[in-house]
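J.: Sharing start.cif, mmCIF, C-alpha atoms and all ligand atoms:
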data_model
#
loop_
_atom_site.label_atom_id
_atom_site.label_comp_id
_atom_site.auth_asym_id
_atom_site.auth_seq_id
_atom_site.Cartn_x
_atom_site.Cartn_y
_atom_site.Cartn_z
CA MET H 1373 47.59 25.26 14.98
CA THR H 1374 46.61 26.19 11.44
CA VAL H 1375 45.05 23.47 9.28
CA ILE H 1376 44.44 23.99 5.56
CA PHE H 1377 42.10 21.64 3.73
CA GLN H 1378 39.52 21.60 0.95
CA LEU H 1379 35.89 21.74 2.00
CA ASN H 1380 33.31 20.98 -0.69
CA GLY H 1381 35.81 22.06 -3.32
CA GLU H 1382 36.89 25.29 -1.69
CA ASP H 1383 39.99 26.16 0.31
CA CYS H 1384 39.34 26.19 4.02
CA ARG H 1385 41.54 27.30 6.91
CA PHE H 1386 41.12 26.46 10.56
CA ASP H 1387 43.05 28.05 13.42
CA GLY H 1388 42.70 26.40 16.80
CA ASP H 1389 42.98 23.14 18.70
CA PRO H 1390 44.19 20.39 16.30
CA MET H 1391 42.22 17.79 18.27
CA THR H 1392 38.90 19.51 17.57
CA PRO H 1393 36.57 16.94 15.94
CA LEU H 1394 35.93 17.74 12.28
CA VAL H 1395 32.16 17.59 12.87
CA ASP H 1396 32.34 20.58 15.24
CA ILE H 1397 34.18 22.70 12.70
CA LEU H 1398 31.70 21.78 9.98
CA ARG H 1399 28.69 22.64 12.09
CA GLN H 1400 29.86 25.46 14.34
CA GLU H 1401 32.32 27.34 12.13
CA ARG H 1402 31.10 26.52 8.64
CA PHE H 1403 27.39 26.18 9.48
CA LEU H 1404 27.21 22.98 7.45
CA THR H 1405 24.61 21.48 9.75
CA GLY H 1406 23.65 18.61 7.47
CA THR H 1407 26.36 16.60 9.21
CA LYS H 1408 24.93 15.52 12.57
CA ALA H 1409 26.76 14.88 15.83
CA VAL H 1410 24.62 12.25 17.52
CA CYS H 1411 26.64 9.65 19.45
CA ARG H 1412 30.14 11.13 19.03
CA GLU H 1413 31.46 7.59 19.46
CA GLY H 1414 31.63 6.19 15.95
CA PHE H 1415 28.53 4.04 16.43
CA CYS H 1416 25.68 5.86 14.66
CA GLY H 1417 27.17 7.16 11.39
CA ALA H 1418 25.11 10.40 11.41
CA CYS H 1419 28.33 12.43 11.17
CA THR H 1420 29.71 10.58 8.11
CA VAL H 1421 31.54 12.72 5.53
CA HIS H 1422 34.01 11.92 2.78
CA VAL H 1423 37.66 12.58 3.54
CA ASP H 1424 39.72 12.06 0.41
CA ASP H 1425 36.73 10.19 -1.06
CA GLU H 1426 36.40 7.75 1.86
CA ALA H 1427 33.30 7.74 4.05
CA VAL H 1428 34.43 8.23 7.65
CA PRO H 1429 32.91 9.41 10.94
CA SER H 1430 33.74 13.10 11.39
CA CYS H 1431 33.10 12.97 15.15
CA LEU H 1432 36.30 10.96 15.67
CA LYS H 1433 38.45 12.78 13.12
CA PRO H 1434 40.71 15.34 14.77
CA ILE H 1435 41.10 18.29 12.44
CA GLY H 1436 44.90 17.96 12.69
CA LEU H 1437 44.63 14.76 10.64
CA VAL H 1438 42.68 16.59 7.92
CA GLN H 1439 45.58 18.85 6.91
CA GLY H 1440 45.84 18.76 3.10
CA CYS H 1441 42.76 16.52 2.67
CA ALA H 1442 39.60 17.05 0.64
CA VAL H 1443 36.42 16.94 2.72
CA THR H 1444 32.97 16.56 1.16
CA THR H 1445 29.83 16.94 3.24
CA ILE H 1446 26.21 16.27 2.29
CA GLU H 1447 25.98 19.92 1.21
CA GLY H 1448 28.83 19.35 -1.22
CA LEU H 1449 27.23 16.29 -2.78
CA SER H 1450 24.65 18.39 -4.53
CA SER H 1451 23.86 22.03 -3.82
CA GLY H 1452 20.22 23.14 -3.90
CA ASN H 1453 20.67 24.45 -7.44
CA GLN H 1454 21.96 21.23 -8.95
CA ALA H 1455 20.34 17.93 -9.73
CA LEU H 1456 20.39 15.58 -6.77
CA HIS H 1457 23.10 12.98 -6.53
CA PRO H 1458 21.59 9.93 -8.27
CA LEU H 1459 21.42 8.00 -5.00
CA GLN H 1460 19.53 10.87 -3.38
CA ALA H 1461 17.08 10.77 -6.29
CA ASN H 1462 16.56 7.04 -5.77
CA LEU H 1463 16.01 7.53 -2.03
CA GLU H 1464 13.46 10.21 -2.77
CA ALA H 1465 11.70 8.06 -5.36
CA ALA H 1466 11.51 5.16 -2.89
CA ASP H 1467 10.06 7.54 -0.27
CA ALA H 1468 12.74 6.19 2.03
CA VAL H 1469 13.26 9.23 4.25
CA GLN H 1470 11.33 9.60 7.47
CA CYS H 1471 12.61 12.01 10.16
CA GLY H 1472 15.80 12.47 8.15
CA MET H 1473 18.19 12.57 11.10
CA CYS H 1474 20.31 9.68 9.87
CA PHE H 1475 20.10 10.53 6.19
CA PRO H 1476 23.03 12.84 5.57
CA GLY H 1477 25.32 10.19 7.06
CA MET H 1478 23.46 7.38 5.32
CA VAL H 1479 23.83 9.11 1.94
CA MET H 1480 27.53 9.86 2.48
CA SER H 1481 28.25 6.23 3.40
CA LEU H 1482 26.17 4.73 0.63
CA SER H 1483 27.19 7.14 -2.15
CA ALA H 1484 30.81 6.05 -1.66
CA PHE H 1485 29.66 2.44 -1.49
CA VAL H 1486 27.72 2.49 -4.78
CA ARG H 1487 30.63 4.26 -6.45
CA ASP H 1488 33.03 1.52 -5.36
CA ASN H 1489 30.73 -1.52 -5.57
CA PRO H 1490 28.68 -1.39 -8.76
CA HIS H 1491 27.83 -5.09 -8.53
CA ALA H 1492 26.95 -5.26 -4.84
CA SER H 1493 24.36 -7.78 -3.67
CA ARG H 1494 21.62 -7.03 -1.15
CA PRO H 1495 23.56 -8.57 1.77
CA GLU H 1496 26.59 -6.47 0.75
CA ILE H 1497 24.45 -3.33 0.77
CA LYS H 1498 23.26 -4.25 4.26
CA ALA H 1499 26.83 -4.87 5.43
CA ALA H 1500 27.81 -1.42 4.16
CA MET H 1501 25.05 0.14 6.33
CA VAL H 1502 26.18 -1.48 9.56
CA GLY H 1503 27.64 1.79 10.85
CA ASN H 1504 24.59 3.94 9.99
CA ILE H 1505 21.80 3.63 12.49
CA CYS H 1506 18.27 4.62 11.53
CA ARG H 1507 15.59 4.64 14.19
CA CYS H 1508 12.64 5.25 11.82
CA THR H 1509 12.68 3.37 8.59
CA GLY H 1510 13.46 -0.25 9.33
CA TYR H 1511 16.13 0.07 6.62
CA GLU H 1512 14.42 -2.00 3.91
CA ARG H 1513 13.37 0.95 1.75
CA ILE H 1514 16.88 2.33 1.94
CA VAL H 1515 18.25 -1.01 0.79
CA ASP H 1516 15.64 -1.02 -2.01
CA ALA H 1517 16.73 2.45 -3.13
CA VAL H 1518 20.41 1.47 -3.21
CA ALA H 1519 19.59 -1.71 -5.13
CA ASP H 1520 17.53 0.38 -7.60
CA ARG H 1521 20.40 2.80 -8.04
CA LEU H 1522 22.85 0.02 -8.77
CA GLU H 1523 20.47 -1.66 -11.19
CA GLN H 1524 19.71 1.56 -13.06
CA ALA H 1525 23.39 2.35 -13.32
CA ARG H 1526 24.16 -1.13 -14.61
CA LYS H 1527 21.39 -0.90 -17.18
CA ALA H 1528 22.59 2.49 -18.29
CA GLY H 1529 26.11 1.08 -18.46
CA GLN H 1530 27.34 4.17 -16.79
CA SER H 1531 29.78 4.57 -13.94
CA VAL H 1532 27.75 4.51 -10.75
CA GLY H 1533 27.45 7.84 -8.99
CA GLY H 1534 27.29 9.91 -12.15
CA ILE H 1535 29.14 12.77 -10.58
CA HIS H 1536 32.42 12.77 -8.78
CA VAL H 1537 31.84 12.58 -5.06
CA MET C 377 44.90 21.35 29.44
CA ALA C 378 45.70 24.67 31.11
CA PRO C 379 43.85 27.64 29.60
CA GLY C 380 45.91 29.49 27.01
CA VAL C 381 48.21 26.52 26.41
CA GLU C 382 48.32 25.49 22.77
CA ARG C 383 48.20 21.78 22.08
CA SER C 384 51.20 20.47 20.20
CA PHE C 385 50.45 18.36 17.10
CA THR C 386 53.22 16.76 15.05
CA ALA C 387 52.44 14.95 11.81
CA ALA C 388 55.74 13.07 11.65
CA SER C 389 57.06 12.19 8.22
CA THR C 390 59.85 9.97 9.55
CA LEU C 391 60.18 7.60 12.46
CA GLU C 392 63.04 9.74 13.82
CA GLU C 393 60.74 12.74 13.91
CA ALA C 394 58.06 10.68 15.65
CA MET C 395 60.54 9.42 18.25
CA ALA C 396 61.80 12.94 18.89
CA ALA C 397 58.22 14.06 19.62
CA ARG C 398 57.72 10.96 21.77
CA ARG C 399 60.82 11.84 23.81
CA GLN C 400 59.24 15.24 24.44
CA GLY C 401 56.22 13.45 25.88
CA ALA C 402 53.87 13.42 22.88
CA ALA C 403 51.24 10.65 22.85
CA VAL C 404 50.92 8.62 19.66
CA LEU C 405 47.82 9.41 17.59
CA ALA C 406 46.86 6.71 15.11
CA GLY C 407 43.39 6.83 13.49
CA GLY C 408 42.00 8.66 16.53
CA THR C 409 38.96 6.40 17.01
CA TRP C 410 40.00 5.47 20.55
CA MET C 411 41.77 8.63 21.69
CA MET C 412 39.03 10.97 20.47
CA ARG C 413 36.66 9.28 22.90
CA ASP C 414 38.93 9.99 25.89
CA PRO C 415 36.83 12.99 26.99
CA ARG C 416 33.72 10.77 27.09
CA ARG C 417 35.63 8.43 29.41
CA GLY C 418 36.50 11.38 31.63
CA VAL C 419 40.10 11.52 30.42
CA ASP C 420 41.65 14.73 29.06
CA LEU C 421 43.10 14.59 25.57
CA PRO C 422 46.92 14.66 25.63
CA GLU C 423 48.63 18.06 25.54
CA ALA C 424 50.97 16.86 22.80
CA VAL C 425 50.34 14.27 20.12
CA VAL C 426 52.36 12.82 17.28
CA ALA C 427 50.54 11.36 14.28
CA LEU C 428 52.11 8.53 12.27
CA HIS C 429 49.94 8.52 9.12
CA ARG C 430 52.52 10.41 7.03
CA ILE C 431 55.29 7.83 7.56
CA PRO C 432 55.16 5.75 4.35
CA ALA C 433 56.96 2.72 5.80
CA LEU C 434 54.28 2.31 8.47
CA SER C 435 51.40 2.27 5.98
CA LYS C 436 52.39 -0.80 3.97
CA VAL C 437 51.38 -4.46 3.94
CA GLU C 438 54.16 -6.62 2.50
CA ILE C 439 53.24 -10.19 1.58
CA GLU C 440 56.30 -12.36 0.92
CA PRO C 441 56.41 -16.12 0.26
CA ASP C 442 57.41 -16.93 3.85
CA HIS C 443 56.31 -13.93 5.86
CA VAL C 444 54.00 -10.92 6.03
CA VAL C 445 54.83 -7.48 7.44
CA ILE C 446 52.03 -5.11 8.43
CA GLY C 447 52.78 -1.45 9.14
CA ALA C 448 51.29 -0.11 12.37
CA ALA C 449 49.48 2.71 10.52
CA VAL C 450 47.69 0.30 8.17
CA THR C 451 43.92 0.59 8.64
CA HIS C 452 41.62 -2.37 9.14
CA ALA C 453 40.08 -1.67 5.70
CA VAL C 454 43.46 -1.66 3.96
CA LEU C 455 44.49 -4.84 5.77
CA GLY C 456 41.21 -6.47 4.73
CA ARG C 457 41.88 -5.62 1.08
CA ALA C 458 45.54 -6.63 1.15
CA LEU C 459 45.66 -9.79 3.21
CA HIS C 460 44.63 -12.45 0.77
CA ALA C 461 47.13 -15.13 1.70
CA ALA C 462 46.17 -18.71 2.59
CA GLY C 463 46.25 -19.38 6.31
CA PHE C 464 45.30 -15.86 7.38
CA GLU C 465 41.52 -16.23 7.05
CA GLY C 466 41.12 -15.51 10.77
CA LEU C 467 43.07 -12.26 10.70
CA LEU C 468 41.21 -11.27 7.54
CA THR C 469 37.85 -11.88 9.25
CA ALA C 470 39.01 -9.81 12.23
CA ALA C 471 40.05 -6.91 10.00
CA GLU C 472 36.88 -7.06 7.91
CA ASN C 473 34.38 -7.35 10.76
CA ALA C 474 35.68 -5.19 13.58
CA ALA C 475 33.42 -2.26 14.51
CA ASN C 476 31.75 -0.85 11.37
CA PRO C 477 32.91 0.14 7.87
CA GLY C 478 33.54 3.83 8.69
CA ILE C 479 35.67 2.96 11.71
CA ARG C 480 37.56 0.29 9.76
CA ARG C 481 38.60 2.92 7.21
CA VAL C 482 40.23 4.93 9.99
CA ALA C 483 41.26 2.65 12.87
CA THR C 484 44.75 1.21 12.52
CA VAL C 485 46.44 -2.07 13.41
CA GLY C 486 48.84 -0.28 15.76
CA GLY C 487 46.02 1.65 17.40
CA ASN C 488 44.07 -1.55 17.98
CA LEU C 489 47.06 -3.15 19.71
CA CYS C 490 47.91 -0.09 21.78
CA ALA C 491 44.45 0.83 23.10
CA LEU C 492 45.23 -0.41 26.60
CA ASP C 493 41.70 -0.53 27.96
CA PHE C 494 40.05 -1.93 24.84
CA ALA C 495 39.27 -5.48 25.91
CA ALA C 496 37.01 -6.22 22.90
CA ALA C 497 39.65 -5.45 20.24
CA ASP C 498 39.49 -7.96 17.36
CA LEU C 499 43.11 -8.01 16.21
CA PRO C 500 44.89 -9.18 19.41
CA PRO C 501 43.36 -12.70 19.50
CA ALA C 502 43.77 -13.05 15.72
CA LEU C 503 47.43 -12.04 15.96
CA LEU C 504 48.00 -14.28 19.00
CA VAL C 505 47.17 -17.39 16.99
CA CYS C 506 49.47 -16.18 14.19
CA GLU C 507 52.21 -15.98 16.89
CA ALA C 508 52.96 -12.51 15.54
CA THR C 509 56.07 -10.58 16.46
CA VAL C 510 55.62 -6.92 17.31
CA GLU C 511 58.35 -4.51 16.22
CA LEU C 512 58.79 -1.48 18.43
CA GLU C 513 60.95 1.57 18.05
CA THR C 514 62.19 2.33 21.56
CA PHE C 515 64.34 5.16 22.91
CA GLU C 516 67.22 2.62 22.72
CA GLY C 517 66.46 1.48 19.17
CA PRO C 518 64.32 -1.18 17.49
CA LYS C 519 63.06 -4.14 19.51
CA LEU C 520 61.15 -7.30 18.57
CA ILE C 521 58.80 -8.94 21.01
CA GLY C 522 56.29 -11.81 20.79
CA ILE C 523 52.65 -10.73 20.75
CA SER C 524 51.80 -12.57 24.01
CA ASP C 525 54.54 -10.75 25.92
CA PHE C 526 53.69 -7.49 24.20
CA LEU C 527 50.04 -7.71 25.29
CA LYS C 528 51.03 -8.61 28.86
CA ASP C 529 53.63 -5.85 29.23
CA ARG C 530 52.41 -3.20 26.81
CA HIS C 531 51.60 -0.69 29.52
CA ALA C 532 55.27 -0.46 30.48
CA LEU C 533 56.65 -1.06 26.98
CA LEU C 534 54.65 1.72 25.37
CA ALA C 535 55.86 4.29 27.89
CA GLU C 536 58.96 4.68 25.77
CA ALA C 537 58.21 3.09 22.43
CA ILE C 538 56.13 3.24 19.28
CA VAL C 539 54.74 0.11 17.63
CA THR C 540 56.02 0.20 14.07
CA ARG C 541 55.30 -3.15 12.41
CA ILE C 542 53.77 -6.58 12.93
CA HIS C 543 55.65 -9.58 11.53
CA LEU C 544 53.89 -12.85 10.70
CA ARG C 545 55.38 -16.17 9.59
CA ARG C 546 53.42 -17.92 6.88
CA ASP C 547 53.27 -21.22 8.73
CA LEU C 548 49.50 -21.60 9.04
CA VAL C 549 47.40 -23.93 6.95
CA ALA C 550 44.08 -22.48 8.10
CA SER C 551 42.62 -20.11 10.66
CA ALA C 552 39.27 -18.75 11.80
CA HIS C 553 38.00 -15.85 13.87
CA ILE C 554 34.65 -16.28 15.58
CA ARG C 555 33.09 -13.24 17.23
CA LEU C 556 29.86 -12.93 19.15
CA PRO C 557 28.33 -9.46 19.08
CA LEU C 558 24.87 -9.03 20.60
CA ARG C 559 23.54 -7.58 17.36
CA LYS C 560 24.51 -9.13 14.08
CA ALA C 561 27.25 -6.57 13.57
CA GLY C 562 28.42 -3.12 14.54
CA ASP C 563 28.88 -3.45 18.29
CA TYR C 564 31.59 -4.81 20.52
CA PRO C 565 31.78 -8.60 20.61
CA VAL C 566 30.89 -10.25 23.92
CA ALA C 567 33.57 -12.87 23.26
CA ILE C 568 36.03 -13.70 20.48
CA VAL C 569 37.69 -17.03 19.75
CA SER C 570 40.51 -17.14 17.20
CA LEU C 571 41.88 -20.48 16.03
CA ALA C 572 44.74 -21.43 13.73
CA VAL C 573 46.31 -24.69 12.60
CA ASP C 574 50.00 -24.84 11.75
CA LYS C 575 51.79 -27.13 9.29
CA ASP C 576 52.21 -29.79 12.00
CA LYS C 577 48.42 -29.75 12.52
CA ARG C 578 48.80 -28.20 15.93
CA CYS C 579 45.90 -26.00 16.88
CA ARG C 580 46.41 -22.59 18.48
CA ILE C 581 43.50 -20.90 20.21
CA ALA C 582 43.18 -17.40 21.64
CA VAL C 583 40.32 -15.61 23.37
CA GLY C 584 39.51 -11.92 23.30
CA SER C 585 36.95 -9.73 25.06
CA VAL C 586 36.33 -12.23 27.88
CA GLU C 587 39.16 -11.03 30.14
CA PRO C 588 40.61 -7.50 30.11
CA VAL C 589 43.48 -8.61 27.83
CA ALA C 590 43.34 -11.25 25.08
CA ARG C 591 45.37 -14.40 25.70
CA ARG C 592 46.11 -17.88 24.35
CA TRP C 593 43.95 -20.71 25.67
CA THR C 594 46.87 -22.99 26.44
CA ALA C 595 44.84 -25.37 28.64
CA LEU C 596 42.59 -26.17 25.69
CA GLU C 597 45.47 -26.34 23.21
CA GLN C 598 47.21 -28.90 25.44
CA ALA C 599 44.02 -30.88 25.95
CA MET C 600 43.47 -31.02 22.18
CA ALA C 601 47.05 -32.13 21.57
CA ALA C 602 46.69 -34.89 24.20
CA ASP C 603 43.34 -36.09 22.87
CA SER C 604 44.09 -37.42 19.43
CA ALA C 605 40.48 -38.59 19.09
CA SER C 606 39.29 -34.98 19.14
CA ALA C 607 41.13 -34.43 15.82
CA PHE C 608 39.16 -31.36 14.89
CA ASP C 609 35.79 -32.81 15.80
CA PRO C 610 33.70 -29.70 16.63
CA GLU C 611 31.49 -31.43 19.22
CA ARG C 612 34.36 -33.12 21.03
CA THR C 613 36.52 -29.98 21.01
CA ALA C 614 33.62 -28.02 22.48
CA GLY C 615 33.48 -30.64 25.26
CA LEU C 616 37.17 -30.10 25.96
CA ALA C 617 36.57 -26.32 25.95
CA LEU C 618 33.89 -26.76 28.62
CA GLU C 619 36.20 -28.92 30.72
CA HIS C 620 39.23 -26.64 30.43
CA ASN C 621 37.58 -23.24 30.68
CA ASP C 622 40.00 -21.29 32.89
CA PHE C 623 38.75 -17.79 32.04
CA GLN C 624 37.53 -15.18 34.50
CA GLY C 625 34.89 -13.27 32.57
CA ARG C 626 34.90 -9.50 32.93
CA ASP C 627 31.66 -7.71 33.70
CA GLY C 628 30.89 -5.02 31.17
CA LYS C 629 28.15 -2.99 29.53
CA GLU C 630 27.37 -5.56 26.84
CA ALA C 631 27.47 -8.66 29.03
CA GLU C 632 28.33 -10.02 32.43
CA GLY C 633 31.43 -12.09 33.01
CA TRP C 634 29.65 -15.43 33.49
CA TYR C 635 28.01 -15.08 30.08
CA ARG C 636 31.23 -14.26 28.26
CA ARG C 637 32.75 -17.37 29.83
CA GLN C 638 29.73 -19.50 29.07
CA VAL C 639 29.69 -18.79 25.33
CA LEU C 640 33.27 -19.91 24.79
CA ALA C 641 32.55 -23.61 24.19
CA PRO C 642 29.92 -22.95 21.49
CA LEU C 643 32.28 -20.44 19.84
CA VAL C 644 35.06 -23.04 19.84
CA LYS C 645 32.64 -25.48 18.18
CA ARG C 646 31.87 -22.92 15.47
CA GLY C 647 35.55 -22.18 15.09
CA VAL C 648 36.54 -25.81 14.55
CA ALA C 649 33.71 -26.17 12.04
CA ALA C 650 35.06 -23.10 10.20
CA LEU C 651 38.55 -24.61 10.15
CA LEU C 652 37.16 -27.86 8.69
CA LYS C 653 35.25 -25.90 6.06
CA THR C 654 38.51 -24.57 4.61
CA GLY C 655 39.23 -28.14 3.46
CA ARG C 656 42.89 -27.74 4.39
CA LEU C 657 43.01 -29.94 7.49
CA VAL C 658 43.09 -33.26 5.61
S1 LIG H 1601 28.16 11.07 15.79
FE1 LIG H 1601 29.81 10.22 14.74
S2 LIG H 1601 29.29 8.15 14.56
FE2 LIG H 1601 27.68 8.96 15.78
S1 LIG H 1602 14.85 8.48 9.07
FE1 LIG H 1602 14.71 8.93 11.18
S2 LIG H 1602 16.57 8.08 11.96
FE2 LIG H 1602 16.57 7.45 9.91
#
Take the structure in the file and write it out as structure tokens.

T.:
Amino acid sequence: MTVIFQLNGEDCRFDGDPMTPLVDILRQERFLTGTKAVCREGFCGACTVHVDDEAVPSCLKPIGLVQGCAVTTIEGLSSGNQALHPLQANLEAADAVQCGMCFPGMVMSLSAFVRDNPHASRPEIKAAMVGNICRCTGYERIVDAVADRLEQARKAGQSVGGIHV
Amino acid sequence: MAPGVERSFTAASTLEEAMAARRQGAAVLAGGTWMMRDPRRGVDLPEAVVALHRIPALSKVEIEPDHVVIGAAVTHAVLGRALHAAGFEGLLTAAENAANPGIRRVATVGGNLCALDFAAADLPPALLVCEATVELETFEGPKLIGISDFLKDRHALLAEAIVTRIHLRRDLVASAHIRLPLRKAGDYPVAIVSLAVDKDKRCRIAVGSVEPVARRWTALEQAMAADSASAFDPERTAGLALEHNDFQGRDGKEAEGWYRRQVLAPLVKRGVAALLKTGRLV
């Protein structure tokens, strides 16, 4: 089956088994290895990408369901030549990253969350992270960084996210 | 799948198209969160699938003054955003707390009801206390069936049908959905107790995740109806739950059967307290 979709803003075509998980196409065919396949069961969140602007696990998304959709991966959030996504900048400033395994998924989940929830409280930030498991950080610095991002955006009176994700 | 055989994938845009694929033997693909894990359970993915996400009528939540209709392709996240109607607090809690946020954006109501081996599904007990009616499209035409019968017979029913909609009467004054995961959130609940109170102040109770298939707790409902003194007293209702516990707990990865059974009375207590907190039982 042929599947046509947008990948990080560019047209993308896949020919093959329509039940192939999106994560495998990203990593093995497109070499976008920022997206991690860890549990492949929807539990860890390391494979999270945006499909039509929604943060979803790519390990459980058959490519057949992606026909006509726009997919954004961590590589599409900010290329090496651009400024970081504001949330990435906050995570860096908070020195939140340790081994980094969970972070691409964490950033994809939370960048959509801050975009949609500019007034989120700390418990709401934590609830949004339920599907992203981190084995290193203890989460608190990540929560701090998200709270900082939201506060800075509110102070600046800007729309959170700064760039379209 | 035999080597060289190409898997068939139909993204149906009408129910007729979906039924035609179904007649040819295609399995229904909803959000994919259950089916995509088939290989990890040692089950091959189906050779032919039909996806329902492009059928507009199946992706709507309609809230009318006396009833609610939920399309089978509605995701948990969409249901959570749409279902703000008094009486459905339990179903709302189920939709907003199942699994994790990423899964809730993908997993559908129909998928949750049709995952035959998914004992810990949140929506079945919540829909049981709503006394929901399940609408199926069968090879012979549309069919309506009560949720209890659907859950009991779904193996046979789904062999030649697609779940299309869920119908709910708006006859509840309050409801609650109490789940016990081992961590605070994100994993499968060990046990689920859903409760609802109708306009005649009758209490309906259903239990999920304890046995392989969710069911109403009729022994407790009858005991509560017969014991007017219990009148939504959390402590006393928990006592009745202990006395009338007729569940056979299933052993599973998260917990053993005895434990699932054991936690039911405390969950009932929490559930009755949640009902009282709505302030609508007076
Ligand atoms: S790899 Fe997809 S959720 Fe863990
Ligand atoms: S930083 Fe190592 S798993 Fe999160």

J.: Nearest residue to ligand LIG 1602 (chain H) out of H:Pro1458, H:Gly1417, H:Gly1440, H:Pro1429, using all atoms listed in the file?

T.: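 Using all atoms listed in the file, ligand LIG 1602 (chain H) sits closest to H:Gly1417.
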
J.: Pull out every residue of chain C sitting within 12 Å of chain H, counting only C-alpha atoms, and send them as a PyMOL selection string.

T.: chain C and resi 377+379-388+405-417+420-430+453-454+472-483+559-564

J.: Would you give the centre and edge lengths, in Å to one decimal, of a box along x, y and z around the listed atoms of ligand LIG 1602 (chain H), with 6 Å added to each side, as JSON?

T.:
{"center_x": 15.6, "center_y": 8.2, "center_z": 10.5, "size_x": 13.9, "size_y": 13.5, "size_z": 14.9}

J.: Which residues come within 12 Å of Ala595 in chain C, counting all atoms listed in the file, excluding same-chain residues fewer than 5 positions away, as an mmCIF file with C-alpha atoms, keeping the file's coordinate frame?

T.:
data_model
loop_
_atom_site.group_PDB
_atom_site.id
_atom_site.type_symbol
_atom_site.label_atom_id
_atom_site.label_comp_id
_atom_site.auth_asym_id
_atom_site.auth_seq_id
_atom_site.Cartn_x
_atom_site.Cartn_y
_atom_site.Cartn_z
ATOM 1 C CA CYS C 579 45.900 -26.000 16.880
ATOM 2 C CA ARG C 580 46.410 -22.590 18.480
ATOM 3 C CA ILE C 581 43.500 -20.900 20.210
ATOM 4 C CA ALA C 582 43.180 -17.400 21.640
ATOM 5 C CA VAL C 583 40.320 -15.610 23.370
ATOM 6 C CA MET C 600 43.470 -31.020 22.180
ATOM 7 C CA ALA C 601 47.050 -32.130 21.570
ATOM 8 C CA ALA C 602 46.690 -34.890 24.200
ATOM 9 C CA LEU C 616 37.170 -30.100 25.960
ATOM 10 C CA ALA C 617 36.570 -26.320 25.950
ATOM 11 C CA LEU C 618 33.890 -26.760 28.620
ATOM 12 C CA GLU C 619 36.200 -28.920 30.720
ATOM 13 C CA HIS C 620 39.230 -26.640 30.430
ATOM 14 C CA ASN C 621 37.580 -23.240 30.680
ATOM 15 C CA ASP C 622 40.000 -21.290 32.890
ATOM 16 C CA PHE C 623 38.750 -17.790 32.040
#

J.: Given the choices C:Ile542, C:Leu520, C:Ala502, C:Ala508, which gets closest to Val445 in chain C if the distance is worked out from only C-alpha atoms?

T.: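 Of C:Ile542, C:Leu520, C:Ala502, C:Ala508, the one nearest Val445 in chain C, counting only C-alpha atoms, is C:Ile542.
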
J.: So how far away is CA of Ala397 in chain C from CA of Ser435 in chain C, in Å?

T.: 19.3 Å
